file structure.csv (CSV, C-alpha atoms and all ligand atoms)
chain,number,residue,atom,x,y,z
A,286,MET,CA,131.6,-37.5,-11.1
A,287,VAL,CA,134.0,-36.0,-13.6
A,288,VAL,CA,133.5,-32.5,-15.1
A,289,ILE,CA,135.4,-31.7,-18.2
A,290,LEU,CA,135.7,-28.0,-18.9
A,291,GLN,CA,135.7,-26.4,-22.4
A,292,LYS,CA,139.1,-25.7,-23.9
A,293,ASN,CA,138.9,-22.0,-23.5
A,294,ALA,CA,137.1,-22.0,-20.1
A,295,ALA,CA,138.0,-18.9,-18.1
A,296,GLU,CA,139.4,-19.2,-14.6
A,297,SER,CA,136.3,-17.5,-13.3
A,298,GLN,CA,134.1,-20.2,-14.9
A,299,VAL,CA,136.2,-23.0,-13.4
A,300,GLU,CA,135.9,-21.3,-10.0
A,301,ASN,CA,132.1,-21.0,-10.4
A,302,VAL,CA,131.9,-24.7,-11.2
A,303,VAL,CA,134.0,-25.6,-8.2
A,304,LYS,CA,131.8,-23.3,-6.0
A,305,HIS,CA,128.6,-25.1,-7.2
A,306,LEU,CA,130.1,-28.6,-6.7
A,307,GLU,CA,131.2,-27.6,-3.2
A,308,SER,CA,127.7,-26.3,-2.4
A,309,PHE,CA,126.3,-29.7,-3.3
A,310,GLY,CA,128.8,-31.3,-0.8
A,311,PHE,CA,131.3,-32.7,-3.2
A,312,GLN,CA,135.0,-32.8,-2.5
A,313,ILE,CA,137.1,-31.4,-5.4
A,314,ASN,CA,140.1,-32.6,-7.2
A,315,ILE,CA,141.3,-30.3,-10.0
A,316,SER,CA,143.7,-31.4,-12.7
A,317,VAL,CA,144.9,-28.8,-15.1
A,318,GLY,CA,146.1,-30.3,-18.4
A,319,ALA,CA,147.8,-28.6,-21.3
A,320,GLU,CA,144.5,-28.3,-23.2
A,321,ARG,CA,141.7,-28.3,-20.6
A,322,THR,CA,140.9,-28.6,-16.9
A,323,ILE,CA,139.2,-31.6,-15.5
A,324,ILE,CA,137.4,-31.5,-12.1
A,325,GLY,CA,136.9,-34.7,-10.1
A,326,ALA,CA,133.9,-34.3,-7.8
A,327,ILE,CA,134.1,-36.9,-5.0
A,328,GLY,CA,131.1,-38.0,-3.0
A,329,VAL,CA,128.3,-40.6,-3.4
A,330,LYS,CA,125.1,-38.9,-4.3
A,331,PRO,CA,122.8,-41.3,-6.1
A,332,ASN,CA,120.1,-38.6,-6.6
A,333,PHE,CA,122.4,-35.9,-7.9
A,334,ASP,CA,121.1,-34.4,-11.2
A,335,THR,CA,124.2,-33.9,-13.3
A,336,ARG,CA,122.4,-31.2,-15.3
A,337,ASN,CA,122.9,-28.9,-12.4
A,338,ILE,CA,126.6,-28.8,-13.5
A,339,SER,CA,126.3,-29.3,-17.3
A,340,VAL,CA,124.3,-26.1,-17.6
A,341,LEU,CA,127.1,-24.0,-16.1
A,342,ASP,CA,129.2,-21.7,-18.4
A,343,GLY,CA,132.5,-23.3,-19.4
A,344,VAL,CA,131.4,-26.9,-18.9
A,345,GLU,CA,131.7,-29.3,-21.8
A,346,GLU,CA,130.8,-32.8,-20.4
A,347,VAL,CA,129.7,-34.3,-17.1
A,348,TYR,CA,130.2,-38.0,-16.4
A,349,ARG,CA,128.8,-40.0,-13.6
A,350,VAL,CA,131.2,-42.5,-12.1
A,351,THR,CA,128.7,-44.3,-9.8
A,352,THR,CA,125.2,-45.6,-10.8
A,353,PRO,CA,122.0,-43.8,-9.6
A,354,TYR,CA,120.7,-47.2,-8.5
A,355,LYS,CA,122.3,-48.7,-5.5
A,356,LEU,CA,120.6,-51.9,-4.4
A,357,ALA,CA,120.1,-53.2,-7.9
A,358,GLY,CA,123.7,-52.8,-8.9
A,359,ARG,CA,126.6,-55.2,-9.0
A,360,SER,CA,128.6,-52.9,-6.8
A,361,PHE,CA,126.1,-53.5,-4.0
A,362,GLN,CA,126.1,-57.2,-4.4
A,363,GLU,CA,128.8,-59.0,-6.4
A,364,HIS,CA,127.2,-62.5,-6.5
A,365,ASN,CA,124.0,-63.3,-8.5
A,366,THR,CA,120.7,-63.1,-6.6
A,367,VAL,CA,119.2,-66.6,-6.6
A,368,ILE,CA,115.5,-66.6,-5.7
A,369,LYS,CA,114.1,-69.8,-4.3
A,370,ILE,CA,110.3,-70.4,-4.3
A,371,LYS,CA,109.4,-73.8,-3.0
A,372,ASP,CA,111.6,-76.2,-5.0
A,373,VAL,CA,112.2,-73.7,-7.9
A,374,GLU,CA,115.3,-71.6,-8.2
A,375,ILE,CA,115.6,-68.5,-10.4
A,376,GLY,CA,118.9,-66.9,-11.1
A,377,GLY,CA,121.1,-70.0,-10.5
A,378,SER,CA,122.6,-72.3,-13.1
A,379,HIS,CA,119.1,-73.7,-14.0
A,380,VAL,CA,117.2,-71.9,-16.7
A,381,ALA,CA,113.7,-71.2,-15.3
A,382,MET,CA,110.8,-71.6,-17.6
A,383,MET,CA,107.5,-69.8,-17.3
A,384,SER,CA,104.8,-70.8,-19.8
A,385,GLY,CA,101.1,-70.8,-20.3
A,386,PRO,CA,98.4,-68.8,-22.1
A,387,CYS,CA,98.4,-65.0,-22.4
A,388,SER,CA,95.0,-65.0,-20.5
A,389,VAL,CA,93.2,-67.6,-18.4
A,390,GLU,CA,90.1,-68.2,-20.5
A,391,SER,CA,88.3,-71.2,-19.0
A,392,GLU,CA,88.8,-74.2,-16.8
A,393,GLU,CA,89.3,-76.5,-19.7
A,394,GLN,CA,91.9,-74.2,-21.3
A,395,ILE,CA,94.0,-73.7,-18.3
A,396,PHE,CA,94.1,-77.3,-17.2
A,397,LYS,CA,95.0,-78.5,-20.7
A,398,LEU,CA,97.8,-76.0,-20.9
A,399,ALA,CA,99.1,-76.6,-17.3
A,400,LYS,CA,99.5,-80.2,-18.3
A,401,VAL,CA,101.6,-79.2,-21.4
A,402,VAL,CA,103.7,-76.9,-19.1
A,403,ALA,CA,104.3,-79.7,-16.7
A,404,ASP,CA,105.1,-82.2,-19.5
A,405,SER,CA,107.7,-79.8,-20.8
A,406,GLY,CA,109.6,-79.8,-17.5
A,407,ALA,CA,108.8,-76.2,-16.8
A,408,LYS,CA,107.9,-75.4,-13.2
A,409,ILE,CA,106.0,-72.1,-13.6
A,410,LEU,CA,102.6,-71.5,-15.1
A,411,ARG,CA,101.9,-68.1,-16.5
A,412,GLY,CA,98.5,-66.6,-17.3
A,413,GLY,CA,96.7,-63.3,-16.9
A,414,ALA,CA,93.6,-62.7,-14.9
A,415,PHE,CA,93.8,-58.9,-15.1
A,416,LYS,CA,94.8,-57.9,-18.6
A,417,PRO,CA,96.3,-54.6,-19.6
A,418,ARG,CA,94.7,-54.3,-23.1
A,419,THR,CA,95.3,-51.4,-25.5
A,420,SER,CA,91.6,-51.4,-26.3
A,421,PRO,CA,89.0,-51.0,-23.6
A,422,TYR,CA,86.7,-53.2,-25.7
A,423,ALA,CA,89.1,-56.2,-25.7
A,424,PHE,CA,88.9,-59.1,-23.3
A,425,GLN,CA,90.0,-57.7,-19.9
A,426,GLY,CA,90.6,-61.1,-18.1
A,427,LEU,CA,88.5,-63.3,-15.8
A,428,GLY,CA,89.6,-61.5,-12.6
A,429,GLU,CA,89.4,-63.6,-9.4
A,430,GLU,CA,87.7,-66.5,-11.2
A,431,GLY,CA,90.8,-66.7,-13.5
A,432,LEU,CA,93.1,-66.6,-10.4
A,433,LYS,CA,91.2,-69.5,-8.8
A,434,LEU,CA,91.3,-71.6,-12.0
A,435,MET,CA,95.0,-71.0,-12.5
A,436,ARG,CA,95.9,-71.9,-8.9
A,437,ALA,CA,93.9,-75.1,-9.1
A,438,ALA,CA,95.5,-76.1,-12.4
A,439,ALA,CA,99.0,-75.2,-11.1
A,440,ASP,CA,98.4,-77.3,-7.9
A,441,GLN,CA,97.2,-80.3,-9.9
A,442,TYR,CA,100.5,-80.3,-11.8
A,443,ASN,CA,102.8,-79.0,-9.0
A,444,LEU,CA,103.6,-75.7,-10.7
A,445,LEU,CA,104.1,-72.2,-9.4
A,446,VAL,CA,101.9,-69.4,-10.6
A,447,ILE,CA,102.9,-66.0,-12.1
A,448,THR,CA,100.2,-63.5,-12.9
A,449,GLU,CA,100.0,-59.8,-13.6
A,450,VAL,CA,99.1,-57.1,-11.0
A,451,MET,CA,97.9,-53.9,-12.5
A,452,GLN,CA,97.0,-51.8,-9.5
A,453,ILE,CA,97.6,-51.6,-5.8
A,454,GLU,CA,94.0,-52.7,-4.9
A,455,GLN,CA,94.6,-56.1,-6.6
A,456,ILE,CA,97.7,-57.0,-4.5
A,457,GLU,CA,95.8,-58.5,-1.6
A,458,LEU,CA,93.7,-60.7,-3.8
A,459,ILE,CA,96.5,-61.9,-6.1
A,460,TYR,CA,98.6,-62.6,-3.1
A,461,LYS,CA,96.2,-65.4,-2.1
A,462,TYR,CA,96.6,-67.2,-5.5
A,463,SER,CA,100.0,-66.4,-7.0
A,464,ASP,CA,103.6,-67.2,-6.2
A,465,ILE,CA,105.1,-64.4,-8.4
A,466,PHE,CA,103.6,-61.0,-9.2
A,467,GLN,CA,104.2,-59.8,-12.7
A,468,VAL,CA,104.5,-56.1,-13.3
A,469,GLY,CA,103.7,-55.5,-17.0
A,470,ALA,CA,105.6,-53.2,-19.4
A,471,ARG,CA,102.9,-50.6,-19.1
A,472,ASN,CA,103.3,-50.3,-15.3
A,473,MET,CA,107.1,-50.3,-15.1
A,474,GLN,CA,107.0,-46.8,-13.9
A,475,ASN,CA,103.9,-47.0,-11.8
A,476,PHE,CA,105.9,-46.0,-8.8
A,477,SER,CA,103.1,-46.2,-6.2
A,478,LEU,CA,102.5,-49.8,-7.3
A,479,LEU,CA,106.2,-50.6,-7.1
A,480,LYS,CA,106.4,-49.1,-3.6
A,481,GLU,CA,103.6,-51.3,-2.4
A,482,LEU,CA,105.2,-54.4,-4.0
A,483,GLY,CA,108.4,-53.5,-2.1
A,484,LYS,CA,106.5,-54.2,1.1
A,485,ILE,CA,105.4,-57.8,0.4
A,486,ASP,CA,107.1,-61.1,0.8
A,487,LYS,CA,106.6,-62.6,-2.6
A,488,THR,CA,108.7,-62.4,-5.7
A,489,ILE,CA,108.1,-59.6,-8.3
A,490,MET,CA,108.9,-60.0,-12.0
A,491,LEU,CA,109.4,-56.5,-13.4
A,492,LYS,CA,109.0,-56.2,-17.2
A,493,ARG,CA,110.9,-53.6,-19.1
A,494,GLY,CA,108.8,-50.7,-20.2
A,495,ILE,CA,108.0,-50.2,-23.9
A,496,ALA,CA,110.3,-47.2,-24.1
A,497,ALA,CA,112.5,-47.6,-21.1
A,498,THR,CA,116.2,-47.4,-21.0
A,499,ILE,CA,118.1,-50.1,-19.0
A,500,GLU,CA,118.9,-47.5,-16.4
A,501,GLU,CA,115.2,-46.5,-16.0
A,502,TRP,CA,114.3,-50.1,-15.7
A,503,LEU,CA,116.9,-50.7,-13.0
A,504,MET,CA,115.7,-47.6,-11.2
A,505,SER,CA,112.2,-49.1,-11.1
A,506,ALA,CA,113.6,-52.3,-9.7
A,507,GLU,CA,115.3,-50.1,-7.1
A,508,TYR,CA,111.9,-48.9,-5.9
A,509,ILE,CA,110.9,-52.5,-5.0
A,510,LEU,CA,114.3,-53.3,-3.5
A,511,ALA,CA,114.3,-50.1,-1.5
A,512,GLY,CA,111.0,-51.1,0.1
A,513,GLY,CA,112.6,-54.2,1.5
A,514,ASN,CA,111.6,-56.8,-1.0
A,515,LYS,CA,114.8,-58.4,-2.3
A,516,ASP,CA,113.2,-60.9,-4.6
A,517,VAL,CA,113.1,-59.1,-7.9
A,518,ILE,CA,113.4,-60.6,-11.4
A,519,LEU,CA,113.8,-58.5,-14.5
A,520,CYS,CA,112.1,-59.4,-17.8
A,521,GLU,CA,113.1,-58.2,-21.3
A,522,ARG,CA,110.0,-58.2,-23.4
A,523,GLY,CA,111.0,-56.0,-26.4
A,524,ILE,CA,111.1,-52.3,-26.8
A,525,ARG,CA,109.4,-49.8,-29.2
A,526,THR,CA,111.6,-48.9,-32.1
A,527,PHE,CA,111.1,-47.6,-35.7
A,528,GLU,CA,110.9,-51.2,-36.9
A,529,ASN,CA,107.4,-52.5,-37.5
A,530,ALA,CA,108.1,-56.0,-39.0
A,531,THR,CA,107.8,-57.3,-35.4
A,532,ARG,CA,105.5,-56.2,-32.6
A,533,ASN,CA,108.4,-54.9,-30.6
A,534,THR,CA,112.2,-55.1,-31.1
A,535,PHE,CA,113.7,-57.8,-28.9
A,536,ASP,CA,116.7,-56.2,-27.1
A,537,LEU,CA,118.7,-59.4,-26.8
A,538,SER,CA,121.8,-57.4,-25.7
A,539,ALA,CA,119.9,-56.3,-22.6
A,540,ILE,CA,120.7,-59.7,-21.2
A,541,PRO,CA,124.5,-59.4,-21.0
A,542,VAL,CA,124.2,-55.7,-20.1
A,543,ILE,CA,121.9,-56.6,-17.1
A,544,HIS,CA,124.2,-59.4,-16.1
A,545,LYS,CA,127.1,-56.9,-16.0
A,546,LYS,CA,125.2,-54.0,-14.3
A,547,SER,CA,123.0,-56.0,-11.9
A,548,HIS,CA,122.9,-59.1,-9.7
A,549,LEU,CA,119.2,-59.6,-10.4
A,550,PRO,CA,118.0,-62.6,-12.5
A,551,ILE,CA,116.8,-61.7,-16.1
A,552,ILE,CA,114.1,-63.6,-17.9
A,553,ALA,CA,113.5,-63.2,-21.7
A,554,ASP,CA,110.0,-62.9,-23.1
A,555,PRO,CA,110.3,-63.6,-26.9
A,556,SER,CA,106.5,-63.9,-27.2
A,557,HIS,CA,105.7,-60.2,-26.5
A,558,ALA,CA,109.0,-59.1,-28.0
A,559,THR,CA,108.2,-60.4,-31.5
A,560,GLY,CA,104.4,-60.8,-31.4
A,561,LEU,CA,104.6,-63.4,-34.1
A,562,ARG,CA,104.5,-67.2,-33.6
A,563,ASP,CA,107.2,-68.1,-36.2
A,564,GLN,CA,109.7,-65.7,-34.6
A,565,VAL,CA,109.3,-66.9,-31.0
A,566,PRO,CA,111.4,-70.1,-31.2
A,567,PRO,CA,114.5,-68.5,-32.8
A,568,MET,CA,114.5,-65.7,-30.3
A,569,ALA,CA,113.9,-68.1,-27.4
A,570,ARG,CA,116.9,-70.1,-28.5
A,571,ALA,CA,119.0,-66.9,-28.8
A,572,ALA,CA,117.9,-65.8,-25.3
A,573,VAL,CA,119.2,-69.0,-23.7
A,574,ALA,CA,122.5,-68.7,-25.7
A,575,ALA,CA,122.8,-65.1,-24.5
A,576,GLY,CA,122.6,-66.2,-20.9
A,577,ALA,CA,119.0,-65.5,-19.9
A,578,ASP,CA,118.1,-67.0,-16.5
A,579,GLY,CA,114.9,-68.2,-17.9
A,580,PHE,CA,112.2,-67.4,-20.4
A,581,MET,CA,108.5,-66.8,-20.6
A,582,ILE,CA,106.5,-68.3,-23.5
A,583,GLU,CA,102.9,-68.0,-24.4
A,584,ILE,CA,101.2,-71.2,-25.5
A,585,HIS,CA,97.7,-72.1,-26.6
A,586,HIS,CA,96.1,-75.3,-27.9
A,587,ASP,CA,93.8,-73.3,-30.2
A,588,PRO,CA,95.6,-70.0,-30.9
A,589,GLU,CA,93.0,-68.9,-33.5
A,590,ALA,CA,90.3,-68.9,-30.7
A,591,ALA,CA,92.5,-67.3,-28.1
A,592,LEU,CA,91.0,-64.2,-26.4
A,593,SER,CA,94.3,-62.4,-26.4
A,594,ASP,CA,97.7,-62.7,-28.1
A,595,GLY,CA,96.7,-65.7,-30.3
A,596,PRO,CA,99.1,-64.8,-33.1
A,597,GLN,CA,102.2,-65.1,-30.8
A,598,ALA,CA,101.0,-68.3,-29.0
A,599,LEU,CA,102.9,-71.5,-29.8
A,600,LEU,CA,101.0,-74.7,-30.3
A,601,PRO,CA,101.9,-77.3,-27.6
A,602,SER,CA,103.8,-79.4,-30.1
A,603,THR,CA,106.0,-76.5,-31.3
A,604,TYR,CA,106.6,-75.5,-27.7
A,605,LEU,CA,107.7,-79.0,-26.6
A,606,LYS,CA,110.1,-79.2,-29.5
A,607,LEU,CA,111.5,-75.7,-28.6
A,608,MET,CA,112.1,-76.8,-25.0
A,609,GLU,CA,114.2,-79.7,-26.2
A,610,GLU,CA,116.3,-77.4,-28.4
A,611,CYS,CA,116.8,-74.9,-25.6
A,612,ARG,CA,117.8,-77.7,-23.3
A,613,LEU,CA,120.7,-78.6,-25.6
A,614,ILE,CA,121.7,-74.9,-25.8
A,615,ALA,CA,121.6,-74.6,-22.1
A,616,GLN,CA,123.8,-77.7,-21.7
A,617,ALA,CA,126.3,-76.2,-24.2
A,618,ILE,CA,126.8,-73.2,-21.9
A,619,GLY,CA,127.0,-75.2,-18.7
A,620,ARG,CA,123.4,-74.7,-17.5
A,621,THR,CA,120.5,-77.0,-17.1
A,622,LEU,CA,116.9,-76.5,-18.2
B,701,LIG,C1,101.6,-60.4,-20.8
B,701,LIG,O1,102.5,-60.9,-20.2
B,701,LIG,O2,100.6,-61.0,-21.2
B,701,LIG,C2,101.7,-58.9,-21.0
B,701,LIG,C3,100.6,-58.2,-21.2
B,701,LIG,O3,103.0,-58.5,-21.1
B,701,LIG,P1,103.7,-57.0,-21.4
B,701,LIG,O4,103.4,-56.3,-20.1
B,701,LIG,O5,105.1,-57.4,-21.6
B,701,LIG,O6,103.0,-56.5,-22.6
B,702,MN,MN,100.2,-61.6,-23.7

call {"tool": "encode", "arguments": {"input": "structure.csv", "output": "C-alpha cells"}}
result
Amino acid sequence: MVVILQKNAAESQVENVVKHLESFGFQINISVGAERTIIGAIGVKPNFDTRNISVLDGVEEVYRVTTPYKLAGRSFQEHNTVIKIKDVEIGGSHVAMMSGPCSVESEEQIFKLAKVVADSGAKILRGGAFKPRTSPYAFQGLGEEGLKLMRAAADQYNLLVITEVMQIEQIELIYKYSDIFQVGARNMQNFSLLKELGKIDKTIMLKRGIAATIEEWLMSAEYILAGGNKDVILCERGIRTFENATRNTFDLSAIPVIHKKSHLPIIADPSHATGLRDQVPPMARAAVAAGADGFMIEIHHDPEAALSDGPQALLPSTYLKLMEECRLIAQAIGRTL
C-alpha cells in the first residue's frame, strides 16, 4: 500500500500515520521528496480497509498495490483456468456456447429447443426452473418438473445442463439434474449461498450483479473459491446505467479486464445485457471478438408466447445464422467454436 501525504503535512501527522500503519502490522518505508512525503506500507493484508488510513490528518491518497481477492487473481495463478465437464472444456481455446430458453416451459418446448442447440454445435443447454422474477405475479418456473424435463432433453441430445440456483435449499435438488449451477445477477452477493456452493464439486457460473463493480464481482467469486470449489466461471450480463435504450448496458470491456485481472473463464450474455432481440447478434459477435470464453444466448421457437424474456429470445433460424458468424470471428482470433 502506498500512502501519499498532503503537501503541507506536519511532521507530527506523518508520525501519526506511521504509528497507525505499524499498529496494523505493516513495515514502513518513508521517502521524503522535495514536495511531499510518500509512505510505502509493506505487508499482504487482503482484508485491510484503506479508509483506516485515508481518514487520518495529513493524508492525501492511499493506493492499494495488491488486490483484495487472492484466489481469483492472476497473481495467484498465471495460466487460465480450464474447466472440463465430461467432453466439454470452458476457458480453453474453444468458445463454449450455452443456449436455450429463458425458462423451461413444457416438454415439447424444451425438446424442440434442445435439438436446435445440438444442431448449432453448442454443447450446453440453458433453461431456468427456478426463476428470479421482478414481479411476484410473473411465471416463477416449473421447479423440479422443469429440471427433469431439461435433463431428459439434454441427455437425448448429449448436452450439458446449466440452470439457476436461487437459494441454499435448492442446491441438493438441482445437483441431481444439472452439470453447472448458475448464480443469477440478483444473487451475486448472496454470500451464504456462495459459501455453500464453495463446498460442492460442480461448476458454478457467477453472473455479474446489476450494479456490481468488477472488484466486487471477483470478491464474490472469491467466496466460492475460498470454500474449495475451483470451478468458477464468470458471466457478464450487463449492468444498470443511466441509459434506458437497452435493458442493461453491456459492459464489453469487462471481458479484457477480467482476462487481465483473473484466470477464471468469462462468458458473455448479450441476451440479458440488451434485452432486445435485434441487439443480441451484434453484441454476441462483439463478445467473441473481444475474447469471451463463451456466450449464453436465449432462444425460443415462439418468442411471443414465451413465459419469460420473449422479447430477447432469438428465433432458431437467427440463432443458427449467428453461430455461423461467430464461428468465423472465433477462427479469425485463433479459436474454435
Ligand atoms: C437468466 O439467465 O434467465 C437470468 C434471470 O439472468 P440474470 O440473473 O442475468 O438476470
Ligand atoms: Mn432470461

call {"tool": "residues_near_ligand", "arguments": {"input": "structure.csv", "ligand": "ligand LIG 701 (chain B)", "cutoff": "10 Å", "atoms": "all atoms listed in the file", "output": "mmCIF file with C-alpha atoms, keeping the file's coordinate frame"}}
result
data_model
loop_
_atom_site.group_PDB
_atom_site.id
_atom_site.type_symbol
_atom_site.label_atom_id
_atom_site.label_comp_id
_atom_site.auth_asym_id
_atom_site.auth_seq_id
_atom_site.Cartn_x
_atom_site.Cartn_y
_atom_site.Cartn_z
ATOM 1 C CA GLY A 385 101.100 -70.800 -20.300
ATOM 2 C CA PRO A 386 98.400 -68.800 -22.100
ATOM 3 C CA CYS A 387 98.400 -65.000 -22.400
ATOM 4 C CA SER A 388 95.000 -65.000 -20.500
ATOM 5 C CA ARG A 411 101.900 -68.100 -16.500
ATOM 6 C CA GLY A 412 98.500 -66.600 -17.300
ATOM 7 C CA GLY A 413 96.700 -63.300 -16.900
ATOM 8 C CA ALA A 414 93.600 -62.700 -14.900
ATOM 9 C CA PHE A 415 93.800 -58.900 -15.100
ATOM 10 C CA LYS A 416 94.800 -57.900 -18.600
ATOM 11 C CA PRO A 417 96.300 -54.600 -19.600
ATOM 12 C CA ARG A 418 94.700 -54.300 -23.100
ATOM 13 C CA THR A 419 95.300 -51.400 -25.500
ATOM 14 C CA ILE A 447 102.900 -66.000 -12.100
ATOM 15 C CA THR A 448 100.200 -63.500 -12.900
ATOM 16 C CA GLU A 449 100.000 -59.800 -13.600
ATOM 17 C CA MET A 451 97.900 -53.900 -12.500
ATOM 18 C CA GLN A 467 104.200 -59.800 -12.700
ATOM 19 C CA VAL A 468 104.500 -56.100 -13.300
ATOM 20 C CA GLY A 469 103.700 -55.500 -17.000
ATOM 21 C CA ALA A 470 105.600 -53.200 -19.400
ATOM 22 C CA ARG A 471 102.900 -50.600 -19.100
ATOM 23 C CA ASN A 472 103.300 -50.300 -15.300
ATOM 24 C CA MET A 473 107.100 -50.300 -15.100
ATOM 25 C CA LEU A 491 109.400 -56.500 -13.400
ATOM 26 C CA LYS A 492 109.000 -56.200 -17.200
ATOM 27 C CA ARG A 493 110.900 -53.600 -19.100
ATOM 28 C CA GLY A 494 108.800 -50.700 -20.200
ATOM 29 C CA ILE A 495 108.000 -50.200 -23.900
ATOM 30 C CA CYS A 520 112.100 -59.400 -17.800
ATOM 31 C CA GLU A 521 113.100 -58.200 -21.300
ATOM 32 C CA ARG A 522 110.000 -58.200 -23.400
ATOM 33 C CA GLY A 523 111.000 -56.000 -26.400
ATOM 34 C CA ILE A 524 111.100 -52.300 -26.800
ATOM 35 C CA ASN A 533 108.400 -54.900 -30.600
ATOM 36 C CA ASP A 554 110.000 -62.900 -23.100
ATOM 37 C CA PRO A 555 110.300 -63.600 -26.900
ATOM 38 C CA SER A 556 106.500 -63.900 -27.200
ATOM 39 C CA HIS A 557 105.700 -60.200 -26.500
ATOM 40 C CA ALA A 558 109.000 -59.100 -28.000
ATOM 41 C CA GLY A 560 104.400 -60.800 -31.400
ATOM 42 C CA MET A 581 108.500 -66.800 -20.600
ATOM 43 C CA ILE A 582 106.500 -68.300 -23.500
ATOM 44 C CA GLU A 583 102.900 -68.000 -24.400
ATOM 45 C CA SER A 593 94.300 -62.400 -26.400
ATOM 46 C CA ASP A 594 97.700 -62.700 -28.100
#

call {"tool": "residues_around", "arguments": {"input": "structure.csv", "residues": "region 436-443 of chain A", "least_positions_apart": "3", "cutoff": "6 Å", "atoms": "only C-alpha atoms", "output": "list in words"}}
result
Phe396, Lys433 and Tyr462 of chain A

call {"tool": "atom_distance", "arguments": {"input": "structure.csv", "atom1": "CA of Tyr508 (chain A)", "atom2": "CA of Leu427 (chain A)"}}
result
29.2 Å

call {"tool": "closest_residue", "arguments": {"input": "structure.csv", "among": "A:Lys371, A:Val389, A:Ala295, A:Thr534", "to": "ligand MN 702 (chain B)", "atoms": "all atoms listed in the file"}}
result
A:Val389

call {"tool": "atom_distance", "arguments": {"input": "structure.csv", "atom1": "CA of Met382 (chain A)", "atom2": "CA of Val402 (chain A)"}}
result
9.0 Å

call {"tool": "residues_around", "arguments": {"input": "structure.csv", "residues": "Lys408 (chain A)", "least_positions_apart": "2", "cutoff": "7 Å", "atoms": "all atoms listed in the file", "output": "list of chain:residue names"}}
result
A:Met382, A:Met383, A:Ala403, A:Gly406, A:Leu410, A:Leu444, A:Leu445

call {"tool": "closest_residue", "arguments": {"input": "structure.csv", "among": "A:Ser297, A:Thr559, A:Ser602, A:Asn529", "to": "ligand MN 702 (chain B)", "atoms": "only C-alpha atoms and all ligand atoms"}}
result
A:Thr559

call {"tool": "closest_residue", "arguments": {"input": "structure.csv", "among": "A:Val573, A:Ala319, A:Val299, A:Leu432", "to": "Asp342 (chain A)", "atoms": "all atoms listed in the file"}}
result
A:Val299

call {"tool": "residues_around", "arguments": {"input": "structure.csv", "residues": "Gly579 (chain A)", "least_positions_apart": "3", "cutoff": "9 Å", "atoms": "only C-alpha atoms", "output": "PyMOL selection string"}}
result
chain A and resi 375-376+379-383+550-554+572-573+576+622

call {"tool": "decode", "arguments": {"input": "structure.csv", "residues": "region 587-615 of chain A", "atoms": "C-alpha atoms", "output": "PDB file, in the first residue's frame"}}
result
ATOM      1  CA  ASP A 587     -42.340 -18.938 -30.415  1.00  0.00           C
ATOM      2  CA  PRO A 588     -40.989 -15.889 -28.545  1.00  0.00           C
ATOM      3  CA  GLU A 589     -44.365 -14.126 -28.446  1.00  0.00           C
ATOM      4  CA  ALA A 590     -45.756 -16.987 -26.394  1.00  0.00           C
ATOM      5  CA  ALA A 591     -42.694 -17.307 -24.119  1.00  0.00           C
ATOM      6  CA  LEU A 592     -43.442 -17.222 -20.388  1.00  0.00           C
ATOM      7  CA  SER A 593     -40.351 -15.093 -19.691  1.00  0.00           C
ATOM      8  CA  ASP A 594     -37.927 -12.901 -21.651  1.00  0.00           C
ATOM      9  CA  GLY A 595     -39.643 -13.445 -25.042  1.00  0.00           C
ATOM     10  CA  PRO A 596     -38.513 -10.038 -26.422  1.00  0.00           C
ATOM     11  CA  GLN A 597     -34.855 -11.011 -26.133  1.00  0.00           C
ATOM     12  CA  ALA A 598     -35.185 -14.582 -27.405  1.00  0.00           C
ATOM     13  CA  LEU A 599     -33.759 -15.343 -30.832  1.00  0.00           C
ATOM     14  CA  LEU A 600     -35.702 -17.492 -33.247  1.00  0.00           C
ATOM     15  CA  PRO A 601     -33.854 -20.727 -34.067  1.00  0.00           C
ATOM     16  CA  SER A 602     -33.086 -19.561 -37.626  1.00  0.00           C
ATOM     17  CA  THR A 603     -31.491 -16.286 -36.430  1.00  0.00           C
ATOM     18  CA  TYR A 604     -29.575 -18.154 -33.767  1.00  0.00           C
ATOM     19  CA  LEU A 605     -28.181 -20.732 -36.213  1.00  0.00           C
ATOM     20  CA  LYS A 606     -27.020 -17.944 -38.544  1.00  0.00           C
ATOM     21  CA  LEU A 607     -25.414 -16.126 -35.602  1.00  0.00           C
ATOM     22  CA  MET A 608     -23.486 -19.239 -34.643  1.00  0.00           C
ATOM     23  CA  GLU A 609     -22.009 -19.432 -38.153  1.00  0.00           C
ATOM     24  CA  GLU A 610     -20.951 -15.791 -37.999  1.00  0.00           C
ATOM     25  CA  CYS A 611     -19.407 -16.223 -34.564  1.00  0.00           C
ATOM     26  CA  ARG A 612     -17.552 -19.285 -35.783  1.00  0.00           C
ATOM     27  CA  LEU A 613     -15.795 -17.146 -38.408  1.00  0.00           C
ATOM     28  CA  ILE A 614     -14.915 -14.496 -35.839  1.00  0.00           C
ATOM     29  CA  ALA A 615     -13.573 -17.150 -33.456  1.00  0.00           C
TER      30      ALA A 615
END
